[in-house]
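This is coords.pdb (PDB, C-alpha atoms).
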```pdb
ATOM      1  CA  MET A 134     -40.120  29.958  58.565
ATOM      2  CA  LYS A 135     -36.750  28.330  58.702
ATOM      3  CA  ASN A 136     -38.411  25.024  59.372
ATOM      4  CA  LEU A 137     -40.585  25.464  56.324
ATOM      5  CA  ILE A 138     -37.585  26.178  54.111
ATOM      6  CA  ILE A 139     -35.712  23.222  55.575
ATOM      7  CA  ALA A 140     -38.761  20.987  55.017
ATOM      8  CA  VAL A 141     -39.073  22.110  51.364
ATOM      9  CA  LEU A 142     -35.359  21.576  50.770
ATOM     10  CA  ALA A 143     -35.597  18.178  52.455
ATOM     11  CA  LEU A 144     -38.465  17.283  50.112
ATOM     12  CA  PHE A 145     -36.396  18.377  47.099
ATOM     13  CA  LEU A 146     -33.464  16.325  48.353
ATOM     14  CA  ILE A 147     -35.643  13.232  48.886
ATOM     15  CA  GLY A 148     -37.185  13.715  45.405
ATOM     16  CA  ALA A 149     -33.733  13.995  43.871
ATOM     17  CA  ILE A 150     -32.540  10.817  45.638
ATOM     18  CA  VAL A 151     -35.673   8.891  44.558
ATOM     19  CA  ALA A 152     -35.298  10.129  40.945
ATOM     20  CA  GLY A 153     -31.602   9.144  41.009
ATOM     21  CA  VAL A 154     -32.457   5.619  42.206
ATOM     22  CA  ILE A 155     -35.218   5.235  39.570
ATOM     23  CA  PHE A 156     -33.120   6.549  36.696
ATOM     24  CA  HIS A 157     -30.054   4.597  37.780
ATOM     25  CA  GLY A 158     -31.983   1.317  37.644
ATOM     26  CA  LYS A 159     -33.553   2.197  34.335
ATOM     27  CA  TYR A 160     -30.364   3.298  32.569
ATOM     28  CA  GLU A 161     -27.886   1.039  34.338
ATOM     29  CA  ASN A 162     -27.370  -1.209  31.250
ATOM     30  CA  ALA A 163     -27.680   1.602  28.694
ATOM     31  CA  GLY A 164     -23.896   1.856  28.246
ATOM     32  CA  GLU A 165     -23.569  -1.865  27.533
ATOM     33  CA  LYS A 166     -26.498  -1.748  25.108
ATOM     34  CA  LEU A 167     -24.988   1.246  23.355
ATOM     35  CA  GLU A 168     -21.631  -0.509  23.074
ATOM     36  CA  ALA A 169     -23.286  -3.674  21.676
ATOM     37  CA  SER A 170     -25.200  -1.552  19.148
ATOM     38  CA  ASN A 171     -21.967   0.161  18.125
ATOM     39  CA  ASP A 172     -20.296  -3.237  17.657
ATOM     40  CA  LYS A 173     -23.198  -4.383  15.456
ATOM     41  CA  LEU A 174     -23.016  -1.140  13.532
ATOM     42  CA  LEU A 175     -19.282  -1.589  12.901
ATOM     43  CA  SER A 176     -19.846  -5.180  11.798
ATOM     44  CA  LEU A 177     -22.601  -4.148   9.402
ATOM     45  CA  ASN A 178     -20.480  -1.298   8.071
ATOM     46  CA  ASP A 179     -17.733  -3.830   7.305
ATOM     47  CA  LYS A 180     -20.250  -6.022   5.470
ATOM     48  CA  ILE A 181     -21.517  -2.998   3.543
ATOM     49  CA  ALA A 182     -17.944  -2.138   2.539
ATOM     50  CA  GLN A 183     -17.380  -5.720   1.355
ATOM     51  CA  LEU A 184     -20.598  -5.717  -0.650
ATOM     52  CA  THR A 185     -19.741  -2.336  -2.149
ATOM     53  CA  ALA A 186     -16.318  -3.635  -3.193
ATOM     54  CA  GLU A 187     -17.907  -6.743  -4.694
ATOM     55  CA  ASN A 188     -20.468  -4.620  -6.545
ATOM     56  CA  SER A 189     -17.668  -2.453  -7.900
ATOM     57  CA  LYS A 190     -15.753  -5.524  -9.032
ATOM     58  CA  LEU A 191     -18.807  -6.960 -10.768
ATOM     59  CA  SER A 192     -19.540  -3.595 -12.417
ATOM     60  CA  ASP A 193     -16.010  -3.545 -13.786
ATOM     61  CA  GLN A 194     -16.467  -7.079 -15.120
ATOM     62  CA  ILE A 195     -19.771  -6.083 -16.762
ATOM     63  CA  ASN A 196     -18.072  -3.119 -18.430
ATOM     64  CA  LYS A 197     -15.282  -5.401 -19.639
ATOM     65  CA  ASN A 198     -17.822  -7.832 -21.104
ATOM     66  CA  ILE A 199     -19.653  -4.991 -22.834
ATOM     67  CA  GLU A 200     -16.387  -3.826 -24.395
ATOM     68  CA  LEU A 201     -15.593  -7.377 -25.533
ATOM     69  CA  ASP A 202     -19.059  -7.692 -27.022
ATOM     70  CA  LYS A 203     -18.571  -4.440 -28.958
ATOM     71  CA  LYS A 204     -15.174  -5.633 -30.157
ATOM     72  CA  ILE A 205     -16.655  -8.914 -31.355
ATOM     73  CA  GLY A 206     -19.348  -6.977 -33.221
ATOM     74  CA  ARG A 207     -16.711  -4.856 -34.960
ATOM     75  CA  LEU A 208     -14.652  -7.923 -35.831
ATOM     76  CA  LYS A 209     -17.713  -9.674 -37.247
ATOM     77  CA  LYS A 210     -18.389  -6.669 -39.469
ATOM     78  CA  GLU A 211     -14.764  -6.644 -40.605
ATOM     79  CA  LEU A 212     -14.946 -10.371 -41.311
ATOM     80  CA  GLU A 213     -18.133  -9.943 -43.341
ATOM     81  CA  THR A 214     -16.486  -7.132 -45.312
ATOM     82  CA  ALA A 215     -13.380  -9.251 -45.915
ATOM     83  CA  VAL A 216     -15.481 -12.230 -47.043
ATOM     84  CA  GLU A 217     -17.463  -9.987 -49.384
ATOM     85  CA  ARG A 218     -14.227  -8.529 -50.778
ATOM     86  CA  ASN A 219     -12.823 -12.034 -51.201
ATOM     87  CA  THR A 220     -15.918 -13.076 -53.163
ATOM     88  CA  GLN A 221     -15.592 -10.007 -55.371
ATOM     89  CA  LEU A 222     -11.931 -10.774 -56.036
ATOM     90  CA  GLU A 223     -12.722 -14.396 -56.855
ATOM     91  CA  ASP A 224     -15.362 -13.235 -59.345
ATOM     92  CA  LYS A 225     -12.897 -10.761 -60.830
ATOM     93  CA  LEU A 226     -10.241 -13.476 -61.061
ATOM     94  CA  ARG A 227     -12.639 -15.818 -62.812
ATOM     95  CA  LEU A 228     -13.564 -13.086 -65.328
ATOM     96  CA  GLU A 229      -9.901 -12.313 -65.943
ATOM     97  CA  LYS A 230      -9.153 -15.975 -66.544
ATOM     98  CA  GLU A 231     -11.958 -16.034 -69.088
ATOM     99  CA  MET A 232     -10.585 -12.870 -70.700
ATOM    100  CA  ILE A 233      -7.108 -14.406 -70.809
ATOM    101  CA  SER A 234      -8.462 -17.443 -72.605
ATOM    102  CA  LYS A 235     -10.401 -15.279 -75.035
ATOM    103  CA  LEU A 236      -7.512 -12.897 -75.666
ATOM    104  CA  GLN A 237      -5.090 -15.739 -76.186
ATOM    105  CA  GLY A 238      -7.208 -16.848 -79.106
ATOM    106  CA  GLU A 239      -7.610 -13.322 -80.538
ATOM    107  CA  LEU A 240      -4.070 -12.025 -80.089
ATOM    108  CA  GLN A 241      -2.154 -14.793 -81.728
ATOM    109  CA  GLY A 242      -1.597 -12.672 -84.830
ATOM    110  CA  GLU A 243      -0.986  -9.241 -83.223
ATOM    111  CA  MET A 244       1.685  -9.741 -80.586
ATOM    112  CA  PRO A 245       4.040 -12.555 -79.933
ATOM    113  CA  LEU A 246       2.162 -15.117 -77.939
ATOM    114  CA  LYS A 247       4.801 -15.361 -75.203
ATOM    115  CA  GLU A 248       4.552 -11.633 -74.368
ATOM    116  CA  LYS A 249       0.786 -11.747 -74.154
ATOM    117  CA  ILE A 250       0.852 -14.827 -71.974
ATOM    118  CA  SER A 251       3.513 -13.351 -69.700
ATOM    119  CA  LYS A 252       1.446 -10.154 -69.240
ATOM    120  CA  LEU A 253      -1.678 -12.146 -68.547
ATOM    121  CA  GLU A 254       0.189 -14.450 -66.181
ATOM    122  CA  GLU A 255       1.584 -11.406 -64.361
ATOM    123  CA  ASN A 256      -1.955 -10.046 -63.926
ATOM    124  CA  LEU A 257      -3.102 -13.460 -62.785
ATOM    125  CA  ARG A 258      -0.211 -13.707 -60.298
ATOM    126  CA  LYS A 259      -1.089 -10.293 -58.827
ATOM    127  CA  GLN A 260      -4.727 -11.306 -58.463
ATOM    128  CA  LYS A 261      -3.709 -14.533 -56.709
ATOM    129  CA  GLU A 262      -1.467 -12.582 -54.322
ATOM    130  CA  MET A 263      -4.365 -10.267 -53.478
ATOM    131  CA  GLU A 264      -6.633 -13.269 -52.988
ATOM    132  CA  ALA A 265      -4.079 -14.972 -50.715
ATOM    133  CA  SER A 266      -3.634 -11.854 -48.586
ATOM    134  CA  LEU A 267      -7.410 -11.491 -48.237
ATOM    135  CA  LYS A 268      -7.774 -15.136 -47.250
ATOM    136  CA  LYS A 269      -5.020 -14.682 -44.676
ATOM    137  CA  GLU A 270      -6.745 -11.575 -43.291
ATOM    138  CA  THR A 271     -10.073 -13.431 -43.215
ATOM    139  CA  LEU A 272      -8.526 -16.310 -41.267
ATOM    140  CA  SER A 273      -6.888 -13.985 -38.748
ATOM    141  CA  LEU A 274     -10.205 -12.196 -38.198
ATOM    142  CA  LYS A 275     -11.969 -15.544 -37.722
ATOM    143  CA  ASP A 276      -9.317 -16.597 -35.195
ATOM    144  CA  MET A 277      -9.694 -13.299 -33.326
ATOM    145  CA  ILE A 278     -13.488 -13.689 -33.176
ATOM    146  CA  SER A 279     -13.159 -17.285 -31.986
ATOM    147  CA  LYS A 280     -10.731 -16.200 -29.275
ATOM    148  CA  LEU A 281     -13.013 -13.386 -28.073
ATOM    149  CA  GLN A 282     -16.042 -15.662 -28.111
ATOM    150  CA  GLY A 283     -14.069 -18.164 -26.035
ATOM    151  CA  GLU A 284     -13.267 -15.442 -23.525
ATOM    152  CA  LEU A 285     -16.908 -14.402 -23.344
ATOM    153  CA  GLN A 286     -18.098 -17.984 -22.933
ATOM    154  CA  GLY A 287     -15.713 -18.373 -20.003
ATOM    155  CA  GLU A 288     -17.324 -15.396 -18.287
ATOM    156  CA  MET A 289     -20.653 -15.425 -16.511
ATOM    157  CA  PRO A 290     -23.500 -14.276 -18.827
ATOM    158  CA  LEU A 291     -24.245 -10.564 -18.535
ATOM    159  CA  LYS A 292     -27.847 -11.019 -17.367
ATOM    160  CA  GLU A 293     -26.715 -13.380 -14.638
ATOM    161  CA  LYS A 294     -24.150 -10.852 -13.402
ATOM    162  CA  ILE A 295     -26.724  -8.080 -13.388
ATOM    163  CA  SER A 296     -29.177 -10.216 -11.404
ATOM    164  CA  LYS A 297     -26.373 -11.061  -8.952
ATOM    165  CA  LEU A 298     -25.615  -7.356  -8.527
ATOM    166  CA  GLU A 299     -29.296  -6.612  -7.946
ATOM    167  CA  GLU A 300     -29.499  -9.411  -5.372
ATOM    168  CA  ASN A 301     -26.418  -8.044  -3.549
ATOM    169  CA  LEU A 302     -27.917  -4.546  -3.564
ATOM    170  CA  ARG A 303     -31.228  -5.875  -2.193
ATOM    171  CA  LYS A 304     -29.358  -7.741   0.603
ATOM    172  CA  GLN A 305     -27.371  -4.622   1.406
ATOM    173  CA  LYS A 306     -30.561  -2.558   1.737
ATOM    174  CA  GLU A 307     -32.142  -5.218   3.954
ATOM    175  CA  MET A 308     -29.056  -5.211   6.192
ATOM    176  CA  GLU A 309     -29.191  -1.425   6.465
ATOM    177  CA  ALA A 310     -32.914  -1.537   7.332
ATOM    178  CA  SER A 311     -32.363  -4.193  10.009
ATOM    179  CA  LEU A 312     -29.438  -2.182  11.386
ATOM    180  CA  LYS A 313     -31.630   0.900  11.685
ATOM    181  CA  LYS A 314     -34.336  -1.130  13.454
ATOM    182  CA  GLU A 315     -31.796  -2.642  15.876
ATOM    183  CA  THR A 316     -30.236   0.753  16.559
ATOM    184  CA  LEU A 317     -33.613   2.374  17.200
ATOM    185  CA  SER A 318     -34.823  -0.378  19.537
TER
END
```

Written as structure tokens, that's how I'd like the structure from this file.
Amino acid sequence: MKNLIIAVLALFLIGAIVAGVIFHGKYENAGEKLEASNDKLLSLNDKIAQLTAENSKLSDQINKNIELDKKIGRLKKELETAVERNTQLEDKLRLEKEMISKLQGELQGEMPLKEKISKLEENLRKQKEMEASLKKETLSLKDMISKLQGELQGEMPLKEKISKLEENLRKQKEMEASLKKETLS
């Protein structure tokens, strides 16, 4: 009976030694492979971080361009309003000049001519001042729009930036997929 137990234990010991030799040969390079996979993973994580930072930077630039575009739109509206107001004032000035001419002829007998002319000239002077200030405002708005358009023209077009972001995102997803495949294999 002792011999039988010793024989069974000997068989278990031989089986364990054979299994150890088989598994040792099979998994001998597993540590190196795991370390290489970890190195690749770290490298890809660094690339992902770089792409994420670049995407963030481009998103910020897109937001900035959108804000500039909105600002240009507002300035264009203000310019249109100022031009319209300027036209109205010019029409009003022309009508007042006509009224001055007409009144000068009618009022010669009622009030001393110099007083009438001085009042009309004062009105005319005020209208010219308003016209000059509106022209100045119009020019400053035009300059501001030109400056903003120059800034926008210096930037990459919005659609091009969006397509670049999409391309970066697609590359990032491909890198992640290849990383998963390499890690699994």

With a distance cut-off of 10 Å and all atoms listed in the file, select the neighbouring residues of Lys225 of chain A, excluding the residue or stretch itself and same-chain residues fewer than 6 positions from it, and output the selection as a count of residues only. 3

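Rounded to one decimal, atom CA of Glu217 of chain A and atom CA of Ser273 of chain A lie 15.5 Å from each other.
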
Please determine, counting all atoms listed in the file, which residue among A:His157, A:Arg207, A:Arg218, A:Lys173 has the shortest atom-to-atom distance to Ser266 of chain A.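 That would be A:Arg218, the residue with the smallest distance to Ser266 of chain A.
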
Interatomic distance (Å, one decimal) between atom CA of Lys180 of chain A and atom CA of Leu302 of chain A: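 So the two atoms, atom CA of Lys180 of chain A and atom CA of Leu302 of chain A, lie 11.9 Å apart.
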
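Between atom CA of Thr185 of chain A and atom CA of Lys304 of chain A the separation is 11.4 Å.
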
Across A:Met263, A:Ala186, A:Ile233, A:Leu146, the smallest distance to Ser251 of chain A, with all atoms listed in the file counted, is shown by A:Ile233

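Among the candidates A:Glu300, A:Gly148, A:Met277, A:Glu168, the one nearest to Leu201 of chain A when counting only C-alpha atoms is A:Met277.
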
Work out where the centre of an axis-aligned box around every listed atom of segment 249-256 of chain A lies and how long its edges are once 3 Å is added on each side; give both in Å to one decimal as lines of an AutoDock Vina configuration file.
```
center_x = 0.8
center_y = -12.4
center_z = -69.0
size_x = 11.5
size_y = 10.8
size_z = 16.2
```
